[in-house]
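work.pdb follows (PDB, C-alpha atoms):
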```pdb
MODEL        1
ATOM      1  CA  GLN A   1      64.852  33.099  21.507
ATOM      2  CA  VAL A   2      61.854  35.365  21.877
ATOM      3  CA  ARG A   3      58.862  34.010  23.844
ATOM      4  CA  VAL A   4      55.369  34.822  22.631
ATOM      5  CA  GLY A   5      52.551  33.802  24.999
ATOM      6  CA  SER A   6      52.631  30.037  25.589
ATOM      7  CA  GLY A   7      54.545  29.524  22.350
ATOM      8  CA  GLY A   8      57.681  31.088  21.036
ATOM      9  CA  LEU A   9      59.531  32.290  18.000
ATOM     10  CA  SER A  10      62.836  30.526  17.439
ATOM     11  CA  SER A  11      65.899  32.256  16.040
ATOM     12  CA  ALA A  12      65.170  30.397  12.771
ATOM     13  CA  GLY A  13      61.728  32.073  12.582
ATOM     14  CA  ARG A  14      59.699  28.988  13.452
ATOM     15  CA  VAL A  15      56.673  29.512  15.684
ATOM     16  CA  THR A  16      56.219  26.891  18.390
ATOM     17  CA  MET A  17      53.036  26.427  20.412
ATOM     18  CA  PRO A  18      53.711  23.441  22.686
ATOM     19  CA  ASN A  19      50.575  24.029  24.805
ATOM     20  CA  GLN A  20      48.115  24.220  21.878
ATOM     21  CA  PRO A  21      45.214  21.802  22.552
ATOM     22  CA  ALA A  22      45.686  18.691  20.387
ATOM     23  CA  PHE A  23      44.947  14.979  20.625
ATOM     24  CA  VAL A  24      44.997  11.676  18.761
ATOM     25  CA  ALA A  25      42.643   8.928  19.966
ATOM     26  CA  THR A  26      42.469   5.292  18.824
ATOM     27  CA  ARG A  27      41.244   1.878  19.972
ATOM     28  CA  ALA A  28      42.884  -1.523  20.292
ATOM     29  CA  SER A  29      40.046  -3.802  19.186
ATOM     30  CA  ASP A  30      37.793  -4.090  16.141
ATOM     31  CA  LEU A  31      34.470  -2.245  16.215
ATOM     32  CA  THR A  32      31.409  -3.369  14.239
ATOM     33  CA  ILE A  33      28.939  -0.640  13.266
ATOM     34  CA  SER A  34      25.428  -1.925  12.556
ATOM     35  CA  THR A  35      23.261   1.052  13.544
ATOM     36  CA  ASP A  36      23.895   4.710  14.418
ATOM     37  CA  VAL A  37      26.360   4.656  17.338
ATOM     38  CA  THR A  38      29.207   6.576  18.922
ATOM     39  CA  ILE A  39      32.571   5.283  17.777
ATOM     40  CA  THR A  40      34.368   4.501  21.019
ATOM     41  CA  LEU A  41      38.041   5.374  21.070
ATOM     42  CA  ASP A  42      39.488   4.295  24.386
ATOM     43  CA  SER A  43      43.179   5.112  24.147
ATOM     44  CA  GLU A  44      45.289   8.126  23.266
ATOM     45  CA  ASP A  45      48.540   8.546  21.391
ATOM     46  CA  PHE A  46      48.771  11.978  23.032
ATOM     47  CA  ASP A  47      46.479  14.609  24.539
ATOM     48  CA  VAL A  48      47.935  18.099  25.043
ATOM     49  CA  GLY A  49      45.732  19.754  27.657
ATOM     50  CA  ASN A  50      43.772  16.637  28.710
ATOM     51  CA  ASN A  51      40.699  17.630  26.686
ATOM     52  CA  TYR A  52      39.869  14.196  25.242
ATOM     53  CA  SER A  53      38.089  11.649  27.458
ATOM     54  CA  THR A  54      38.731   7.961  26.800
ATOM     55  CA  SER A  55      35.674   7.094  28.938
ATOM     56  CA  THR A  56      33.212   9.159  26.832
ATOM     57  CA  SER A  57      35.154   9.263  23.513
ATOM     58  CA  LYS A  58      34.561  13.029  23.429
ATOM     59  CA  PHE A  59      36.805  16.039  23.004
ATOM     60  CA  THR A  60      35.800  19.091  25.065
ATOM     61  CA  ALA A  61      36.948  22.455  23.691
ATOM     62  CA  PRO A  62      38.864  24.322  26.392
ATOM     63  CA  VAL A  63      38.402  27.681  24.615
ATOM     64  CA  ALA A  64      36.270  29.062  21.795
ATOM     65  CA  GLY A  65      37.866  28.899  18.359
ATOM     66  CA  LYS A  66      38.284  27.075  15.078
ATOM     67  CA  TYR A  67      39.364  23.433  15.446
ATOM     68  CA  LEU A  68      40.564  20.993  12.805
ATOM     69  CA  PHE A  69      39.345  17.409  13.284
ATOM     70  CA  THR A  70      40.403  14.396  11.240
ATOM     71  CA  LEU A  71      39.292  10.788  11.135
ATOM     72  CA  GLN A  72      40.938   7.904   9.308
ATOM     73  CA  ALA A  73      40.319   4.177   9.520
ATOM     74  CA  THR A  74      40.552   0.797   7.852
ATOM     75  CA  VAL A  75      37.464  -1.342   7.299
ATOM     76  CA  ASN A  76      38.254  -5.075   7.378
ATOM     77  CA  SER A  77      34.760  -6.367   6.553
ATOM     78  CA  MET A  78      31.494  -5.016   5.245
ATOM     79  CA  SER A  79      28.135  -6.575   4.553
ATOM     80  CA  THR A  80      25.983  -5.230   1.793
ATOM     81  CA  GLY A  81      24.526  -1.949   2.870
ATOM     82  CA  LEU A  82      22.720   0.919   1.226
ATOM     83  CA  TYR A  83      24.583   3.655   3.057
ATOM     84  CA  ASN A  84      27.511   3.487   5.463
ATOM     85  CA  ALA A  85      29.170   6.578   6.900
ATOM     86  CA  VAL A  86      30.964   8.149   9.818
ATOM     87  CA  TYR A  87      30.353  11.722  10.875
ATOM     88  CA  PHE A  88      31.367  14.412  13.324
ATOM     89  CA  MET A  89      28.953  15.346  16.139
ATOM     90  CA  VAL A  90      28.992  18.600  18.142
ATOM     91  CA  ASN A  91      27.140  18.622  21.463
ATOM     92  CA  GLY A  92      25.285  15.470  20.422
ATOM     93  CA  ALA A  93      24.037  16.837  17.086
ATOM     94  CA  GLY A  94      25.250  15.930  13.600
ATOM     95  CA  THR A  95      27.307  18.559  11.783
ATOM     96  CA  GLY A  96      26.713  17.497   8.187
ATOM     97  CA  HIS A  97      30.407  16.593   7.870
ATOM     98  CA  ARG A  98      29.989  12.963   6.745
ATOM     99  CA  ILE A  99      32.569  10.555   5.401
ATOM    100  CA  ARG A 100      31.129   7.864   3.145
ATOM    101  CA  VAL A 101      32.363   4.324   3.814
ATOM    102  CA  THR A 102      32.180   2.542   0.475
ATOM    103  CA  ASN A 103      32.173  -1.158  -0.212
ATOM    104  CA  PRO A 104      35.194  -2.231  -2.305
ATOM    105  CA  SER A 105      34.419  -3.646  -5.745
ATOM    106  CA  ALA A 106      36.073  -6.989  -5.001
ATOM    107  CA  SER A 107      34.807  -9.179  -2.178
ATOM    108  CA  ASN A 108      36.956  -9.652   0.923
ATOM    109  CA  VAL A 109      39.088  -6.606   0.118
ATOM    110  CA  TRP A 110      39.873  -4.218   2.917
ATOM    111  CA  THR A 111      39.106  -0.564   2.346
ATOM    112  CA  GLY A 112      39.759   2.666   4.156
ATOM    113  CA  PHE A 113      38.245   6.065   4.669
ATOM    114  CA  ASN A 114      39.410   9.442   5.886
ATOM    115  CA  GLY A 115      38.044  12.929   6.195
ATOM    116  CA  SER A 116      38.336  16.178   8.066
ATOM    117  CA  ALA A 117      36.298  19.165   9.203
ATOM    118  CA  ILE A 118      37.041  22.601  10.582
ATOM    119  CA  LEU A 119      34.482  23.294  13.303
ATOM    120  CA  ASP A 120      33.756  26.607  15.030
ATOM    121  CA  LEU A 121      33.377  25.676  18.701
ATOM    122  CA  GLY A 122      32.530  27.523  21.873
ATOM    123  CA  ALA A 123      34.251  26.814  25.161
ATOM    124  CA  ASN A 124      33.017  23.482  26.602
ATOM    125  CA  ASP A 125      31.479  22.283  23.313
ATOM    126  CA  THR A 126      32.044  18.550  22.794
ATOM    127  CA  VAL A 127      32.982  16.679  19.617
ATOM    128  CA  HIS A 128      32.854  12.951  18.928
ATOM    129  CA  VAL A 129      32.351  10.696  15.900
ATOM    130  CA  ASN A 130      29.436   8.423  15.090
ATOM    131  CA  GLY A 131      29.248   5.494  12.731
ATOM    132  CA  TYR A 132      26.119   4.764  10.727
ATOM    133  CA  ALA A 133      25.023   1.683   8.775
ATOM    134  CA  GLN A 134      21.600   2.057   7.174
ATOM    135  CA  THR A 135      21.435  -1.684   6.487
ATOM    136  CA  GLY A 136      24.067  -4.351   7.060
ATOM    137  CA  SER A 137      27.242  -3.487   8.937
ATOM    138  CA  PHE A 138      30.925  -2.667   8.637
ATOM    139  CA  THR A 139      33.840  -3.443  10.938
ATOM    140  CA  ILE A 140      36.623  -0.975  11.701
ATOM    141  CA  GLN A 141      40.014  -2.600  12.254
ATOM    142  CA  GLY A 142      41.393  -2.070  15.775
ATOM    143  CA  ASN A 143      44.583   0.043  15.949
ATOM    144  CA  GLU A 144      43.780   1.431  12.489
ATOM    145  CA  ILE A 145      41.321   4.135  13.464
ATOM    146  CA  HIS A 146      42.570   7.568  14.462
ATOM    147  CA  PHE A 147      40.447  10.527  15.540
ATOM    148  CA  SER A 148      42.429  13.723  16.035
ATOM    149  CA  GLY A 149      41.833  17.372  16.748
ATOM    150  CA  TYR A 150      43.828  20.572  16.975
ATOM    151  CA  LEU A 151      42.995  24.169  17.905
ATOM    152  CA  LEU A 152      43.736  26.355  14.876
ATOM    153  CA  GLY A 153      43.018  29.626  16.634
TER
ENDMDL
END
```
Starting from the file, give its structure as structure tokens.
Amino acid sequence: QVRVGSGGLSSAGRVTMPNQPAFVATRASDLTISTDVTITLDSEDFDVGNNYSTSTSKFTAPVAGKYLFTLQATVNSMSTGLYNAVYFMVNGAGTGHRIRVTNPSASNVWTGFNGSAILDLGANDTVHVNGYAQTGSFTIQGNEIHFSGYLLG
């Protein structure tokens, strides 16, 4: 086996990068969004490099580069609203990468949403997700929201 930097090239030709910054964050309880707020994710499935903070719900880029972020969730209730969305924030500012949360056509039907963004970050830039309800509210099901990120290079 040939070693390349912190990763390696296996004899089968597969590149491994076990120290590549990556995380998946979630939460145990439901979260109701009724204004424009940070979506708090207070537990981790994993966090390679310790770059995600469960106390701030933010990922801090350890190095400059392109990062892939994803967000997926289940909504278990929603009141009538004109516009509901979640979106990625960098250093406290919106990125324009919004995921629309739509009301299902039938009442009392759960719905889901997911989206992703590739963000060009500098070292020490922070990323988190916000939820926004223009009017009304929506509730994200606990244990069914996952925010993840990975350094592409």
Chain and number of each residue from the PyMOL selection byres ((chain A and resi 34-49) around 8), as JSON, numbers by chain: {"A": [19, 20, 21, 22, 23, 24, 25, 26, 27, 28, 31, 32, 33, 50, 51, 52, 54, 55, 56, 57, 128, 129, 130, 131, 132, 133, 134, 135, 136, 137, 138, 147]}
Polymer residues at most 8 Å from range 70-77 of chain A, all atoms listed in the file, same-chain spacing of 6 or more positions, as an MDAnalysis selection string: chainID A and resid 108:117 138:141 144:149
Computed interatomic separation between CA of Phe88 in chain A and CA of Phe69 in chain A (Å):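 CA of Phe88 in chain A sits 8.5 Å away from CA of Phe69 in chain A.
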Interatomic distance, CA of Leu152 in chain A to CA of Ile99 in chain A (Å, one decimal):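 Going from CA of Leu152 in chain A over to CA of Ile99 in chain A covers 21.5 Å.
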Complete the atom set of range 53-79 of chain A to N, CA and C atoms and return it as an mmCIF file, keeping the file's coordinate frame.
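File produced: out-v5.cif:
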```cif
data_model
loop_
_atom_site.group_PDB
_atom_site.id
_atom_site.type_symbol
_atom_site.label_atom_id
_atom_site.label_comp_id
_atom_site.auth_asym_id
_atom_site.auth_seq_id
_atom_site.Cartn_x
_atom_site.Cartn_y
_atom_site.Cartn_z
ATOM 1 N N SER A 53 38.419 12.637 26.428
ATOM 2 C CA SER A 53 38.089 11.649 27.458
ATOM 3 C C SER A 53 37.991 10.265 26.834
ATOM 4 N N THR A 54 38.812 9.336 27.293
ATOM 5 C CA THR A 54 38.731 7.961 26.800
ATOM 6 C C THR A 54 37.487 7.245 27.338
ATOM 7 N N SER A 55 36.880 7.743 28.405
ATOM 8 C CA SER A 55 35.674 7.094 28.938
ATOM 9 C C SER A 55 34.421 7.501 28.165
ATOM 10 N N THR A 56 34.388 8.706 27.589
ATOM 11 C CA THR A 56 33.212 9.159 26.832
ATOM 12 C C THR A 56 33.479 9.226 25.328
ATOM 13 N N SER A 57 34.730 9.122 24.917
ATOM 14 C CA SER A 57 35.154 9.263 23.513
ATOM 15 C C SER A 57 34.842 10.648 22.959
ATOM 16 N N LYS A 58 34.862 11.657 23.837
ATOM 17 C CA LYS A 58 34.561 13.029 23.429
ATOM 18 C C LYS A 58 35.731 13.966 23.715
ATOM 19 N N PHE A 59 35.887 14.925 22.803
ATOM 20 C CA PHE A 59 36.805 16.039 23.004
ATOM 21 C C PHE A 59 35.980 17.215 23.502
ATOM 22 N N THR A 60 36.462 17.897 24.548
ATOM 23 C CA THR A 60 35.800 19.091 25.065
ATOM 24 C C THR A 60 36.691 20.294 24.790
ATOM 25 N N ALA A 61 36.173 21.262 24.054
ATOM 26 C CA ALA A 61 36.948 22.455 23.691
ATOM 27 C C ALA A 61 37.245 23.276 24.943
ATOM 28 N N PRO A 62 38.531 23.533 25.208
ATOM 29 C CA PRO A 62 38.864 24.322 26.392
ATOM 30 C C PRO A 62 38.602 25.815 26.193
ATOM 31 N N VAL A 63 38.643 26.280 24.945
ATOM 32 C CA VAL A 63 38.402 27.681 24.615
ATOM 33 C C VAL A 63 37.625 27.748 23.297
ATOM 34 N N ALA A 64 36.970 28.856 23.062
ATOM 35 C CA ALA A 64 36.270 29.062 21.795
ATOM 36 C C ALA A 64 37.295 29.235 20.681
ATOM 37 N N GLY A 65 36.975 28.727 19.498
ATOM 38 C CA GLY A 65 37.866 28.899 18.359
ATOM 39 C C GLY A 65 37.561 27.931 17.243
ATOM 40 N N LYS A 66 38.388 27.980 16.224
ATOM 41 C CA LYS A 66 38.284 27.075 15.078
ATOM 42 C C LYS A 66 39.189 25.869 15.350
ATOM 43 N N TYR A 67 38.635 24.667 15.193
ATOM 44 C CA TYR A 67 39.364 23.433 15.446
ATOM 45 C C TYR A 67 39.346 22.576 14.188
ATOM 46 N N LEU A 68 40.466 21.952 13.899
ATOM 47 C CA LEU A 68 40.564 20.993 12.805
ATOM 48 C C LEU A 68 40.456 19.594 13.388
ATOM 49 N N PHE A 69 39.505 18.800 12.872
ATOM 50 C CA PHE A 69 39.345 17.409 13.284
ATOM 51 C C PHE A 69 39.554 16.509 12.078
ATOM 52 N N THR A 70 40.203 15.376 12.306
ATOM 53 C CA THR A 70 40.403 14.396 11.240
ATOM 54 C C THR A 70 40.000 13.022 11.759
ATOM 55 N N LEU A 71 39.627 12.170 10.809
ATOM 56 C CA LEU A 71 39.292 10.788 11.135
ATOM 57 C C LEU A 71 39.782 9.922 9.992
ATOM 58 N N GLN A 72 40.505 8.863 10.323
ATOM 59 C CA GLN A 72 40.938 7.904 9.308
ATOM 60 C C GLN A 72 40.833 6.518 9.898
ATOM 61 N N ALA A 73 40.500 5.541 9.029
ATOM 62 C CA ALA A 73 40.319 4.177 9.520
ATOM 63 C C ALA A 73 40.410 3.180 8.382
ATOM 64 N N THR A 74 40.579 1.926 8.778
ATOM 65 C CA THR A 74 40.552 0.797 7.852
ATOM 66 C C THR A 74 39.338 -0.050 8.179
ATOM 67 N N VAL A 75 38.618 -0.458 7.141
ATOM 68 C CA VAL A 75 37.464 -1.342 7.299
ATOM 69 C C VAL A 75 37.898 -2.725 6.839
ATOM 70 N N ASN A 76 37.787 -3.728 7.734
ATOM 71 C CA ASN A 76 38.254 -5.075 7.378
ATOM 72 C C ASN A 76 37.130 -6.008 6.942
ATOM 73 N N SER A 77 35.877 -5.581 7.102
ATOM 74 C CA SER A 77 34.760 -6.367 6.553
ATOM 75 C C SER A 77 33.549 -5.462 6.438
ATOM 76 N N MET A 78 32.687 -5.804 5.465
ATOM 77 C CA MET A 78 31.494 -5.016 5.245
ATOM 78 C C MET A 78 30.439 -5.891 4.606
ATOM 79 N N SER A 79 29.247 -5.875 5.200
ATOM 80 C CA SER A 79 28.135 -6.575 4.553
ATOM 81 C C SER A 79 27.458 -5.590 3.609
#
```
